[in-house]
file upload29.tsv (TSV, C-alpha atoms)
chain	number	residue	atom	x	y	z
A	15	ALA	CA	-60.09	58.33	141.25
A	16	LEU	CA	-58.11	55.79	139.22
A	17	LYS	CA	-58.77	57.71	136.00
A	18	LYS	CA	-57.58	60.96	137.56
A	19	MET	CA	-54.36	59.19	138.55
A	20	GLY	CA	-53.87	57.87	135.03
A	21	TYR	CA	-54.41	54.14	135.60
A	22	ALA	CA	-55.68	51.87	132.82
A	23	ASP	CA	-59.25	50.54	132.72
A	24	SER	CA	-57.92	47.09	133.64
A	25	MET	CA	-56.96	48.45	137.08
A	26	TYR	CA	-60.51	49.66	137.61
A	27	GLU	CA	-61.88	46.30	136.42
A	28	LEU	CA	-59.76	44.53	139.04
A	29	LEU	CA	-60.50	46.89	141.95
A	30	LYS	CA	-64.22	47.51	141.35
A	31	GLU	CA	-65.18	44.18	142.97
A	32	PRO	CA	-63.65	42.15	145.82
A	33	LEU	CA	-61.27	39.37	144.76
A	34	ARG	CA	-63.14	36.95	147.00
A	35	LEU	CA	-66.61	36.73	148.48
A	36	LEU	CA	-67.61	33.79	150.64
A	37	THR	CA	-71.29	33.21	151.48
A	38	VAL	CA	-71.97	30.76	154.30
A	39	ARG	CA	-75.04	29.20	155.89
A	40	ILE	CA	-74.80	28.82	159.67
A	41	PRO	CA	-77.12	26.43	161.50
A	42	LEU	CA	-77.82	27.92	164.93
A	43	LYS	CA	-79.36	25.90	167.74
A	44	MET	CA	-81.68	28.21	169.67
A	45	ASP	CA	-82.29	27.97	173.42
A	46	ASP	CA	-85.74	26.46	172.85
A	47	GLY	CA	-84.22	23.55	170.90
A	48	SER	CA	-85.24	24.82	167.43
A	49	VAL	CA	-82.63	25.44	164.71
A	50	LYS	CA	-82.39	28.65	162.70
A	51	VAL	CA	-80.23	28.77	159.58
A	52	LEU	CA	-78.57	32.18	159.12
A	53	THR	CA	-76.63	33.63	156.19
A	54	GLY	CA	-73.15	35.07	156.71
A	55	TYR	CA	-70.59	36.70	154.41
A	56	ARG	CA	-66.89	37.47	154.25
A	57	ALA	CA	-65.60	39.75	151.48
A	58	GLN	CA	-61.88	40.20	150.78
A	59	HIS	CA	-61.38	43.14	148.47
A	60	ASN	CA	-57.70	42.98	147.53
A	61	ASP	CA	-54.62	41.46	149.16
A	62	ALA	CA	-51.90	42.93	146.91
A	63	VAL	CA	-50.54	45.08	149.78
A	64	GLY	CA	-50.94	42.48	152.52
A	65	PRO	CA	-53.60	40.45	154.38
A	66	THR	CA	-57.15	41.81	154.30
A	67	LYS	CA	-58.62	43.39	157.42
A	68	GLY	CA	-62.10	44.42	158.49
A	69	GLY	CA	-64.98	44.08	160.90
A	70	VAL	CA	-67.80	41.58	161.28
A	71	ARG	CA	-71.28	43.01	161.84
A	72	PHE	CA	-74.36	41.24	163.20
A	73	HIS	CA	-77.36	43.13	161.80
A	74	PRO	CA	-80.77	42.33	160.23
A	75	ASP	CA	-79.90	44.48	157.16
A	76	VAL	CA	-76.59	42.79	156.27
A	77	THR	CA	-76.48	42.02	152.52
A	78	GLU	CA	-73.88	40.78	150.08
A	79	GLU	CA	-73.74	44.24	148.43
A	80	GLU	CA	-73.16	46.00	151.76
A	81	VAL	CA	-70.35	43.65	152.80
A	82	LYS	CA	-68.65	44.08	149.40
A	83	ALA	CA	-68.91	47.89	149.61
A	84	LEU	CA	-67.57	47.95	153.17
A	85	SER	CA	-64.58	45.77	152.21
A	86	MET	CA	-63.71	48.26	149.45
A	87	TRP	CA	-63.98	51.19	151.86
A	88	MET	CA	-61.64	49.33	154.23
A	89	SER	CA	-59.07	49.03	151.42
A	90	ILE	CA	-59.21	52.79	150.93
A	91	LYS	CA	-58.93	53.44	154.70
A	92	CYS	CA	-55.85	51.23	154.90
A	93	GLY	CA	-54.35	53.03	151.89
A	94	ILE	CA	-54.97	56.50	153.36
A	95	THR	CA	-53.34	55.53	156.67
A	96	ASN	CA	-50.53	53.61	154.95
A	97	LEU	CA	-51.21	50.26	156.66
A	98	PRO	CA	-49.93	46.97	155.14
A	99	TYR	CA	-53.47	45.69	154.56
A	100	GLY	CA	-56.18	45.34	151.97
A	101	GLY	CA	-59.83	45.65	152.95
A	102	GLY	CA	-62.07	42.88	154.21
A	103	LYS	CA	-65.54	42.81	155.77
A	104	GLY	CA	-67.91	40.25	157.18
A	105	GLY	CA	-71.44	40.07	158.44
A	106	ILE	CA	-74.30	37.85	159.51
A	107	GLN	CA	-77.91	38.65	158.71
A	108	CYS	CA	-79.48	38.41	162.17
A	109	ASP	CA	-80.87	40.49	165.00
A	110	PRO	CA	-78.50	40.06	167.98
A	111	ARG	CA	-80.84	42.16	170.16
A	112	SER	CA	-83.34	39.29	170.19
A	113	MET	CA	-80.74	36.63	171.04
A	114	SER	CA	-79.59	35.28	174.38
A	115	PHE	CA	-75.92	35.25	175.40
A	116	PRO	CA	-75.52	31.48	174.72
A	117	GLU	CA	-77.17	31.89	171.29
A	118	LEU	CA	-74.74	34.72	170.42
A	119	GLU	CA	-71.80	32.56	171.48
A	120	ARG	CA	-72.96	29.62	169.33
A	121	LEU	CA	-73.48	31.98	166.38
A	122	SER	CA	-70.01	33.57	166.77
A	123	ARG	CA	-68.33	30.16	166.88
A	124	GLY	CA	-70.44	28.85	163.98
A	125	TYR	CA	-69.38	31.80	161.81
A	126	VAL	CA	-65.68	31.17	162.52
A	127	ARG	CA	-66.05	27.46	161.68
A	128	ALA	CA	-67.72	28.43	158.40
A	129	ILE	CA	-65.03	30.91	157.30
A	130	SER	CA	-61.94	29.38	158.98
A	131	GLN	CA	-60.34	28.33	155.67
A	132	VAL	CA	-60.10	31.88	154.32
A	133	VAL	CA	-59.11	33.83	157.46
A	134	GLY	CA	-56.04	33.95	159.70
A	135	PRO	CA	-53.29	36.25	161.03
A	136	THR	CA	-51.57	36.31	157.61
A	137	LYS	CA	-54.69	36.05	155.42
A	138	ASP	CA	-57.64	38.06	156.72
A	139	ILE	CA	-58.03	39.55	160.21
A	140	PRO	CA	-61.59	40.23	161.49
A	141	ALA	CA	-62.56	42.89	164.07
A	142	PRO	CA	-65.69	44.25	165.81
A	143	ASP	CA	-68.32	46.24	163.90
A	144	VAL	CA	-72.03	47.04	164.29
A	145	PHE	CA	-73.52	45.03	167.21
A	146	THR	CA	-70.33	43.02	167.80
A	147	ASN	CA	-67.92	43.62	170.68
A	148	SER	CA	-64.85	42.34	172.53
A	149	GLN	CA	-66.80	39.36	173.98
A	150	ILE	CA	-67.77	38.20	170.49
A	151	MET	CA	-64.16	38.65	169.33
A	152	ALA	CA	-63.00	36.53	172.30
A	153	TRP	CA	-65.36	33.66	171.36
A	154	MET	CA	-64.24	33.88	167.74
A	155	MET	CA	-60.55	33.81	168.68
A	156	ASP	CA	-61.13	30.85	170.99
A	157	GLU	CA	-62.94	28.92	168.24
A	158	TYR	CA	-60.21	29.68	165.69
A	159	SER	CA	-57.51	28.61	168.19
A	160	HIS	CA	-59.37	25.29	168.69
A	161	ILE	CA	-59.54	24.69	164.94
A	162	ARG	CA	-55.87	25.58	164.34
A	163	GLU	CA	-54.73	23.88	167.58
A	164	PHE	CA	-52.56	26.81	168.69
A	165	ASP	CA	-53.25	30.12	170.40
A	166	SER	CA	-53.88	32.69	167.65
A	167	PRO	CA	-54.37	36.16	169.16
A	168	GLY	CA	-53.32	37.79	165.85
A	169	PHE	CA	-56.28	36.18	164.05
A	170	ILE	CA	-58.69	38.88	165.27
A	171	THR	CA	-58.53	42.38	166.78
A	172	GLY	CA	-60.77	44.22	169.23
A	173	LYS	CA	-60.23	41.48	171.83
A	174	PRO	CA	-60.34	41.95	175.63
A	175	LEU	CA	-56.99	43.12	177.04
A	176	VAL	CA	-56.36	39.82	178.86
A	177	LEU	CA	-56.55	37.93	175.54
A	178	GLY	CA	-54.07	40.18	173.73
A	179	GLY	CA	-56.25	43.20	173.02
A	180	SER	CA	-54.65	46.62	172.70
A	181	ILE	CA	-55.12	49.46	175.14
A	182	GLY	CA	-57.12	52.18	173.39
A	183	ARG	CA	-58.84	49.91	170.86
A	184	GLU	CA	-62.36	50.50	172.19
A	185	THR	CA	-62.14	54.28	171.95
A	186	SER	CA	-59.93	54.36	168.84
A	187	THR	CA	-62.58	55.11	166.19
A	188	ALA	CA	-63.97	58.02	168.21
A	189	LEU	CA	-60.53	59.34	169.14
A	190	GLY	CA	-59.56	59.16	165.47
A	191	VAL	CA	-62.66	61.14	164.47
A	192	SER	CA	-61.85	63.81	167.06
A	193	ILE	CA	-58.21	64.07	165.89
A	194	VAL	CA	-59.26	64.49	162.25
A	195	MET	CA	-62.08	66.87	163.24
A	196	ASN	CA	-59.58	69.08	165.10
A	197	GLU	CA	-57.31	69.27	162.05
A	198	ALA	CA	-60.24	70.12	159.73
A	199	ALA	CA	-61.54	72.73	162.19
A	200	LYS	CA	-58.07	74.36	162.29
A	201	VAL	CA	-58.01	74.57	158.48
A	202	LEU	CA	-61.47	76.22	158.51
A	203	GLY	CA	-60.69	78.47	161.48
A	204	ILE	CA	-63.35	76.95	163.78
A	205	PRO	CA	-62.16	76.88	167.43
A	206	ILE	CA	-63.24	73.57	169.02
A	207	GLN	CA	-63.62	75.37	172.36
A	208	GLY	CA	-67.26	76.45	172.33
A	209	ALA	CA	-68.05	74.94	168.90
A	210	LYS	CA	-71.61	73.59	168.56
A	211	ILE	CA	-71.45	69.93	167.55
A	212	ILE	CA	-74.22	67.48	166.63
A	213	VAL	CA	-73.42	63.76	166.86
A	214	GLN	CA	-75.97	61.55	165.11
A	215	GLY	CA	-75.66	58.06	166.63
A	216	PHE	CA	-74.77	57.21	170.21
A	217	GLY	CA	-73.18	53.80	169.76
A	218	ASN	CA	-69.50	53.01	170.31
A	219	ALA	CA	-68.10	55.75	168.05
A	220	GLY	CA	-70.77	58.40	168.68
A	221	SER	CA	-70.87	58.18	172.48
A	222	TYR	CA	-67.09	58.26	172.97
A	223	LEU	CA	-66.79	61.08	170.43
A	224	ALA	CA	-69.44	63.13	172.24
A	225	LYS	CA	-67.45	62.63	175.46
A	226	PHE	CA	-64.10	63.58	173.87
A	227	VAL	CA	-65.36	66.81	172.29
A	228	HIS	CA	-67.42	67.69	175.38
A	229	ASP	CA	-64.28	67.31	177.54
A	230	ALA	CA	-62.34	69.43	175.01
A	231	GLY	CA	-64.73	72.32	175.65
A	232	ALA	CA	-67.11	71.97	172.71
A	233	LYS	CA	-70.88	72.17	173.16
A	234	VAL	CA	-72.59	68.95	172.08
A	235	VAL	CA	-75.99	70.39	171.15
A	236	GLY	CA	-77.52	67.23	169.66
A	237	ILE	CA	-77.27	63.45	169.88
A	238	SER	CA	-79.44	60.61	168.60
A	239	ASP	CA	-79.89	56.87	168.82
A	240	ALA	CA	-82.36	54.30	167.47
A	241	GLY	CA	-85.13	55.79	169.64
A	242	GLY	CA	-84.89	59.36	168.34
A	243	ALA	CA	-82.84	62.51	168.95
A	244	LEU	CA	-82.23	65.19	171.58
A	245	TYR	CA	-81.35	68.79	170.72
A	246	ASP	CA	-80.52	71.71	173.01
A	247	PRO	CA	-78.79	74.81	171.58
A	248	ASN	CA	-77.21	75.44	175.00
A	249	GLY	CA	-75.52	72.04	175.03
A	250	LEU	CA	-76.47	68.64	176.48
A	251	ASP	CA	-75.14	67.05	179.67
A	252	ILE	CA	-73.11	64.30	178.00
A	253	ASP	CA	-71.88	62.66	181.21
A	254	TYR	CA	-75.47	62.30	182.41
A	255	LEU	CA	-76.60	60.80	179.08
A	256	LEU	CA	-73.70	58.33	179.00
A	257	ASP	CA	-74.54	57.25	182.52
A	258	ARG	CA	-78.20	56.59	181.70
A	259	ARG	CA	-77.96	54.67	178.42
A	260	ASP	CA	-78.80	50.97	178.19
A	261	SER	CA	-76.59	48.11	176.90
A	262	PHE	CA	-77.44	48.99	173.27
A	263	GLY	CA	-76.48	52.64	173.73
A	264	THR	CA	-80.09	53.86	173.83
A	265	VAL	CA	-80.92	56.82	176.05
A	266	THR	CA	-83.36	59.08	174.17
A	267	ASN	CA	-86.40	56.97	175.14
A	268	LEU	CA	-86.06	58.44	178.68
A	269	PHE	CA	-86.99	61.90	177.36
A	270	PRO	CA	-90.48	63.00	176.24
A	271	ASN	CA	-89.24	65.99	174.15
A	272	ARG	CA	-87.47	63.93	171.48
A	273	ILE	CA	-87.16	64.96	167.85
A	274	THR	CA	-86.52	62.58	164.94
A	275	ASN	CA	-83.11	61.65	163.57
A	276	LYS	CA	-84.04	63.43	160.33
A	277	GLU	CA	-84.88	66.65	162.17
A	278	LEU	CA	-81.61	66.53	164.09
A	279	LEU	CA	-79.49	66.60	160.91
A	280	VAL	CA	-80.78	70.04	159.87
A	281	GLN	CA	-80.49	71.82	163.25
A	282	GLU	CA	-78.17	74.77	163.82
A	283	CYS	CA	-74.53	73.73	164.53
A	284	ASP	CA	-70.89	74.34	163.51
A	285	ILE	CA	-69.90	70.69	163.05
A	286	LEU	CA	-72.18	67.81	162.11
A	287	VAL	CA	-71.01	64.24	162.73
A	288	PRO	CA	-73.16	61.44	161.28
A	289	ALA	CA	-72.03	58.44	163.38
A	290	ALA	CA	-74.92	56.04	162.77
A	291	ILE	CA	-75.66	54.27	159.47
A	292	GLU	CA	-75.42	54.93	155.73
A	293	ASN	CA	-77.51	57.26	153.52
A	294	GLN	CA	-78.50	59.81	156.17
A	295	ILE	CA	-77.67	62.98	154.23
A	296	THR	CA	-79.32	62.87	150.81
A	297	GLU	CA	-80.33	65.32	148.10
A	298	GLU	CA	-83.54	65.89	150.09
A	299	ASN	CA	-81.89	67.35	153.20
A	300	ALA	CA	-78.42	68.43	151.95
A	301	TRP	CA	-79.70	71.94	151.18
A	302	GLN	CA	-80.93	72.31	154.79
A	303	VAL	CA	-77.71	71.24	156.54
A	304	LYS	CA	-76.50	74.25	158.57
A	305	ALA	CA	-73.03	73.01	159.62
A	306	LYS	CA	-69.77	74.48	158.26
A	307	LEU	CA	-68.01	71.12	158.59
A	308	LEU	CA	-69.32	67.59	158.12
A	309	VAL	CA	-67.23	64.78	159.61
A	310	GLU	CA	-68.37	61.29	158.62
A	311	ALA	CA	-67.86	58.90	161.55
A	312	ALA	CA	-70.26	56.34	160.01
A	313	ASN	CA	-69.74	54.40	156.78
A	314	GLY	CA	-71.35	56.10	153.78
A	315	PRO	CA	-73.71	58.51	155.60
A	316	THR	CA	-73.70	61.01	152.70
A	317	THR	CA	-74.92	60.10	149.20
A	318	THR	CA	-73.02	61.09	146.05
A	319	ILE	CA	-75.53	63.80	145.10
A	320	ALA	CA	-75.54	65.15	148.67
A	321	THR	CA	-71.72	65.33	148.54
A	322	GLU	CA	-71.97	67.48	145.38
A	323	ILE	CA	-74.59	69.76	146.97
A	324	LEU	CA	-72.60	70.26	150.19
A	325	THR	CA	-69.34	70.88	148.26
A	326	GLN	CA	-71.16	73.41	146.07
A	327	ARG	CA	-72.39	75.15	149.27
A	328	GLY	CA	-68.81	75.39	150.55
A	329	ILE	CA	-69.28	72.87	153.39
A	330	MET	CA	-66.15	70.79	153.93
A	331	ILE	CA	-66.76	67.04	154.16
A	332	VAL	CA	-64.18	64.89	155.92
A	333	PRO	CA	-65.08	61.55	154.30
A	334	ASP	CA	-65.72	58.32	156.21
A	335	VAL	CA	-62.65	56.57	154.79
A	336	LEU	CA	-60.49	59.19	156.51
A	337	ALA	CA	-62.56	60.24	159.55
A	338	SER	CA	-63.31	56.75	160.87
A	339	ALA	CA	-59.89	55.21	160.16
A	340	GLY	CA	-58.82	55.31	163.83
A	341	GLY	CA	-60.37	51.89	164.47
A	342	VAL	CA	-58.37	50.08	161.81
A	343	VAL	CA	-55.15	51.92	162.79
A	344	VAL	CA	-55.38	50.70	166.40
A	345	SER	CA	-56.47	47.26	165.15
A	346	TYR	CA	-53.21	47.26	163.20
A	347	PHE	CA	-51.34	48.21	166.40
A	348	GLU	CA	-53.06	45.29	168.18
A	349	TRP	CA	-52.04	42.85	165.42
A	350	VAL	CA	-48.44	44.14	165.55
A	351	GLN	CA	-48.37	43.72	169.34
A	352	ASN	CA	-49.79	40.18	169.04
A	353	ASN	CA	-47.15	39.27	166.44
A	354	GLN	CA	-44.36	40.65	168.62
A	355	GLY	CA	-45.71	39.48	171.97
A	356	TYR	CA	-44.82	42.96	173.26
A	357	TYR	CA	-47.53	45.37	174.46
A	358	TRP	CA	-47.54	49.18	174.38
A	359	THR	CA	-48.74	51.78	176.88
A	360	GLU	CA	-51.81	53.95	176.28
A	361	GLU	CA	-49.54	56.97	175.63
A	362	GLU	CA	-47.65	55.05	172.93
A	363	VAL	CA	-50.88	53.92	171.25
A	364	ASN	CA	-52.46	57.40	171.29
A	365	GLU	CA	-49.28	59.16	170.19
A	366	ARG	CA	-48.84	56.84	167.20
A	367	LEU	CA	-52.53	57.10	166.30
A	368	HIS	CA	-52.35	60.90	166.47
A	369	LYS	CA	-49.32	61.06	164.17
A	370	ILE	CA	-50.79	58.70	161.54
A	371	LEU	CA	-54.15	60.49	161.40
A	372	VAL	CA	-52.76	64.04	161.35
A	373	ASP	CA	-50.42	63.04	158.49
A	374	SER	CA	-53.29	61.27	156.69
A	375	PHE	CA	-55.64	64.26	156.98
A	376	HIS	CA	-53.07	66.72	155.64
A	377	ASN	CA	-52.11	64.37	152.81
A	378	VAL	CA	-55.77	64.14	151.70
A	379	TYR	CA	-56.36	67.89	152.20
A	380	ARG	CA	-53.19	68.80	150.26
A	381	THR	CA	-54.18	66.46	147.40
A	382	SER	CA	-57.67	67.99	147.26
A	383	GLN	CA	-56.15	71.48	146.95
A	384	GLU	CA	-53.50	70.50	144.40
A	385	LYS	CA	-55.82	68.46	142.16
A	386	ASN	CA	-58.80	70.77	142.74
A	387	VAL	CA	-61.13	67.92	143.77
A	388	ASP	CA	-63.44	67.48	146.79
A	389	MET	CA	-62.14	65.77	149.91
A	390	ARG	CA	-63.90	62.47	149.11
A	391	LEU	CA	-62.36	62.08	145.67
A	392	SER	CA	-59.02	63.16	147.09
A	393	ALA	CA	-59.29	60.50	149.84
A	394	TYR	CA	-60.06	57.83	147.23
A	395	MET	CA	-57.05	58.90	145.16
A	396	VAL	CA	-54.73	58.77	148.18
A	397	GLY	CA	-56.31	55.53	149.41
A	398	LEU	CA	-56.09	53.63	146.12
A	399	LYS	CA	-52.59	54.69	145.10
A	400	ARG	CA	-50.68	52.20	147.25
A	401	MET	CA	-52.92	49.27	146.29
A	402	ALA	CA	-52.73	50.10	142.59
A	403	GLU	CA	-48.93	50.32	142.81
A	404	ALA	CA	-48.77	46.95	144.62
A	405	VAL	CA	-51.00	45.40	141.94
A	406	LYS	CA	-48.65	46.73	139.24
A	407	TRP	CA	-45.50	45.51	140.98
A	408	ARG	CA	-47.01	42.06	141.39
A	409	GLY	CA	-47.73	42.01	137.66
A	410	TRP	CA	-51.49	41.40	138.06
A	411	VAL	CA	-52.40	44.26	135.73
call {"tool": "encode", "arguments": {"input": "upload29.tsv", "output": "structure tokens"}}
result
Amino acid sequence: ALKKMGYADSMYELLKEPLRLLTVRIPLKMDDGSVKVLTGYRAQHNDAVGPTKGGVRFHPDVTEEEVKALSMWMSIKCGITNLPYGGGKGGIQCDPRSMSFPELERLSRGYVRAISQVVGPTKDIPAPDVFTNSQIMAWMMDEYSHIREFDSPGFITGKPLVLGGSIGRETSTALGVSIVMNEAAKVLGIPIQGAKIIVQGFGNAGSYLAKFVHDAGAKVVGISDAGGALYDPNGLDIDYLLDRRDSFGTVTNLFPNRITNKELLVQECDILVPAAIENQITEENAWQVKAKLLVEAANGPTTTIATEILTQRGIMIVPDVLASAGGVVVSYFEWVQNNQGYYWTEEEVNERLHKILVDSFHNVYRTSQEKNVDMRLSAYMVGLKRMAEAVKWRGWV
């Protein structure tokens, strides 16, 4: 992307790795009195445009490489949506599903104590991610406020409303995906009313998205979670499924006629939305994908080779850095509201989100047409431009 825009190699050398990566060891006292020592990370990709911003995930598969990659994707998301941020990302290698509530609280507070020197409302602003939620954000904000000795709502986003959270934050990623999906469907001439949509993943983004498109008149023909997948060409009863899922978003284990996640990805549909984890569409199954439009709600669900195959087959991909940018946009709104001490209505939040994402989609689509590149490369070009300009103006490169 940088080469296509004519930047020197030195710009690539600077942006190909995060400026900062902190690795921390967190001693965690378990309920049975034993102590586990867990590894956590915080990557800050580039702060030339402004403070870094990005989620914190609690997951057994968290690695240094993953956190670095996610911080770079966040930079690109912020560039595409024109936010005054660079990308950041954090994570702790753990399995929160096997922890009690008090253990999770001690872990959340321990992580903040470990990274408190490098984060803050003007340095690096965390947010929720995989297996973290508004309760975990609340504990983290409370711990940071204790350390700094003043109330710091702007230190973190995705908080409960009573602690300075923004209306619309919880549904923002999914709403953003549906806004961008609508724009892409218009360009391709696919009416959302009656469109067959598969949503892989039924967590925060996937479940809300399924509800939004279902309410808009689309047929959600497939969903999946960690337990497997459900597919019905006549459409699933989304309200029923949402009602029956457990606290980790799992619902498929209630049904005997499940198929696998892999099988779901190659079923008949108009729009396919991978909303789970990375590397789901690969060179092995890209030839079998039957959708006309692929909208990436997850981070990195499609490999590079799969992207080439799908583009060659004429399937439009709306890349993750564009499709799932709704979360960081409303996180930005939350931070702005915290800084001002003035809070917006749901209409104001949704209206502003809609405008930013529609503009962002058409900017990326227009660039892809003008430069004759696929949507992913176009998104990277749009997303990196602002950061590269800021780096130049600062005289770093």
call {"tool": "closest_residue", "arguments": {"input": "upload29.tsv", "among": "A:Ala300, A:Ala199, A:Leu42, A:Leu84", "to": "Gln326 of chain A", "atoms": "all atoms listed in the file"}}
result
A:Ala300
call {"tool": "residues_around", "arguments": {"input": "upload29.tsv", "residues": "Ala290 of chain A", "least_positions_apart": "6", "cutoff": "8 Å", "atoms": "all atoms listed in the file", "output": "list in words"}}
result
Gln214, Gly215, Phe216, Gly217, Gly220, Asp239, Ala311, Ala312 and Pro315 of chain A
call {"tool": "closest_residue", "arguments": {"input": "upload29.tsv", "among": "A:Leu286, A:Met44, A:Val396, A:Leu250", "to": "Lys304 of chain A", "atoms": "all atoms listed in the file"}}
result
A:Leu286
call {"tool": "residues_around", "arguments": {"input": "upload29.tsv", "residues": "Val287 of chain A", "least_positions_apart": "5", "cutoff": "8 Å", "atoms": "only C-alpha atoms", "output": "list in words"}}
result
Ile211, Ile212, Val213, Gln214, Leu308, Val309, Glu310 and Ala311 of chain A
call {"tool": "residues_around", "arguments": {"input": "upload29.tsv", "residues": "Asn377 of chain A", "least_positions_apart": "2", "cutoff": "10 Å", "atoms": "all atoms listed in the file", "output": "list in words"}}
result
Ile94, Thr95, Leu371, Val372, Asp373, Ser374, Phe375, Tyr379, Arg380, Thr381, Ser382, Ser392, Ala393 and Val396 of chain A
call {"tool": "residues_near_point", "arguments": {"input": "upload29.tsv", "point": "(-51.5, 48.8, 149.8)", "cutoff": "10 Å", "atoms": "all atoms listed in the file", "output": "ChimeraX atom specification"}}
result
/A:60-65,89-90,92-101,397-405
call {"tool": "residues_near_point", "arguments": {"input": "upload29.tsv", "point": "(-72.8, 61.9, 147.1)", "cutoff": "10 Å", "atoms": "only C-alpha atoms", "output": "list in words"}}
result
Asn293, Ile295, Thr296, Glu297, Ala300, Gly314, Pro315, Thr316, Thr317, Thr318, Ile319, Ala320, Thr321, Glu322, Ile323, Leu324, Thr325 and Arg390 of chain A
call {"tool": "residues_around", "arguments": {"input": "upload29.tsv", "residues": "Ser130 of chain A", "least_positions_apart": "3", "cutoff": "12 Å", "atoms": "all atoms listed in the file", "output": "mmCIF file with C-alpha atoms, in the coordinates of the input"}}
result
data_model
loop_
_atom_site.group_PDB
_atom_site.id
_atom_site.type_symbol
_atom_site.label_atom_id
_atom_site.label_comp_id
_atom_site.auth_asym_id
_atom_site.auth_seq_id
_atom_site.Cartn_x
_atom_site.Cartn_y
_atom_site.Cartn_z
ATOM 1 C CA LEU A 36 -67.610 33.790 150.640
ATOM 2 C CA VAL A 38 -71.970 30.760 154.300
ATOM 3 C CA ARG A 56 -66.890 37.470 154.250
ATOM 4 C CA SER A 122 -70.010 33.570 166.770
ATOM 5 C CA ARG A 123 -68.330 30.160 166.880
ATOM 6 C CA GLY A 124 -70.440 28.850 163.980
ATOM 7 C CA TYR A 125 -69.380 31.800 161.810
ATOM 8 C CA VAL A 126 -65.680 31.170 162.520
ATOM 9 C CA ARG A 127 -66.050 27.460 161.680
ATOM 10 C CA VAL A 133 -59.110 33.830 157.460
ATOM 11 C CA GLY A 134 -56.040 33.950 159.700
ATOM 12 C CA PRO A 135 -53.290 36.250 161.030
ATOM 13 C CA LYS A 137 -54.690 36.050 155.420
ATOM 14 C CA ASP A 138 -57.640 38.060 156.720
ATOM 15 C CA ILE A 139 -58.030 39.550 160.210
ATOM 16 C CA PRO A 140 -61.590 40.230 161.490
ATOM 17 C CA MET A 154 -64.240 33.880 167.740
ATOM 18 C CA MET A 155 -60.550 33.810 168.680
ATOM 19 C CA GLU A 157 -62.940 28.920 168.240
ATOM 20 C CA TYR A 158 -60.210 29.680 165.690
ATOM 21 C CA SER A 159 -57.510 28.610 168.190
ATOM 22 C CA HIS A 160 -59.370 25.290 168.690
ATOM 23 C CA ILE A 161 -59.540 24.690 164.940
ATOM 24 C CA ARG A 162 -55.870 25.580 164.340
ATOM 25 C CA PHE A 169 -56.280 36.180 164.050
ATOM 26 C CA ILE A 170 -58.690 38.880 165.270
#
call {"tool": "residues_around", "arguments": {"input": "upload29.tsv", "residues": "Ala305 of chain A", "least_positions_apart": "5", "cutoff": "6 Å", "atoms": "only C-alpha atoms", "output": "PyMOL selection string"}}
result
chain A and resi 283-286
call {"tool": "atom_distance", "arguments": {"input": "upload29.tsv", "atom1": "atom CA of Glu292 of chain A", "atom2": "atom CA of Ile331 of chain A"}}
result
15.0 Å
call {"tool": "atom_distance", "arguments": {"input": "upload29.tsv", "atom1": "atom CA of Leu278 of chain A", "atom2": "atom CA of Gly236 of chain A"}}
result
6.9 Å
call {"tool": "atom_distance", "arguments": {"input": "upload29.tsv", "atom1": "atom CA of Phe145 of chain A", "atom2": "atom CA of Gly178 of chain A"}}
result
21.1 Å
call {"tool": "closest_residue", "arguments": {"input": "upload29.tsv", "among": "A:Leu177, A:Leu256, A:Met25, A:Leu391", "to": "Asp156 of chain A", "atoms": "all atoms listed in the file"}}
result
A:Leu177
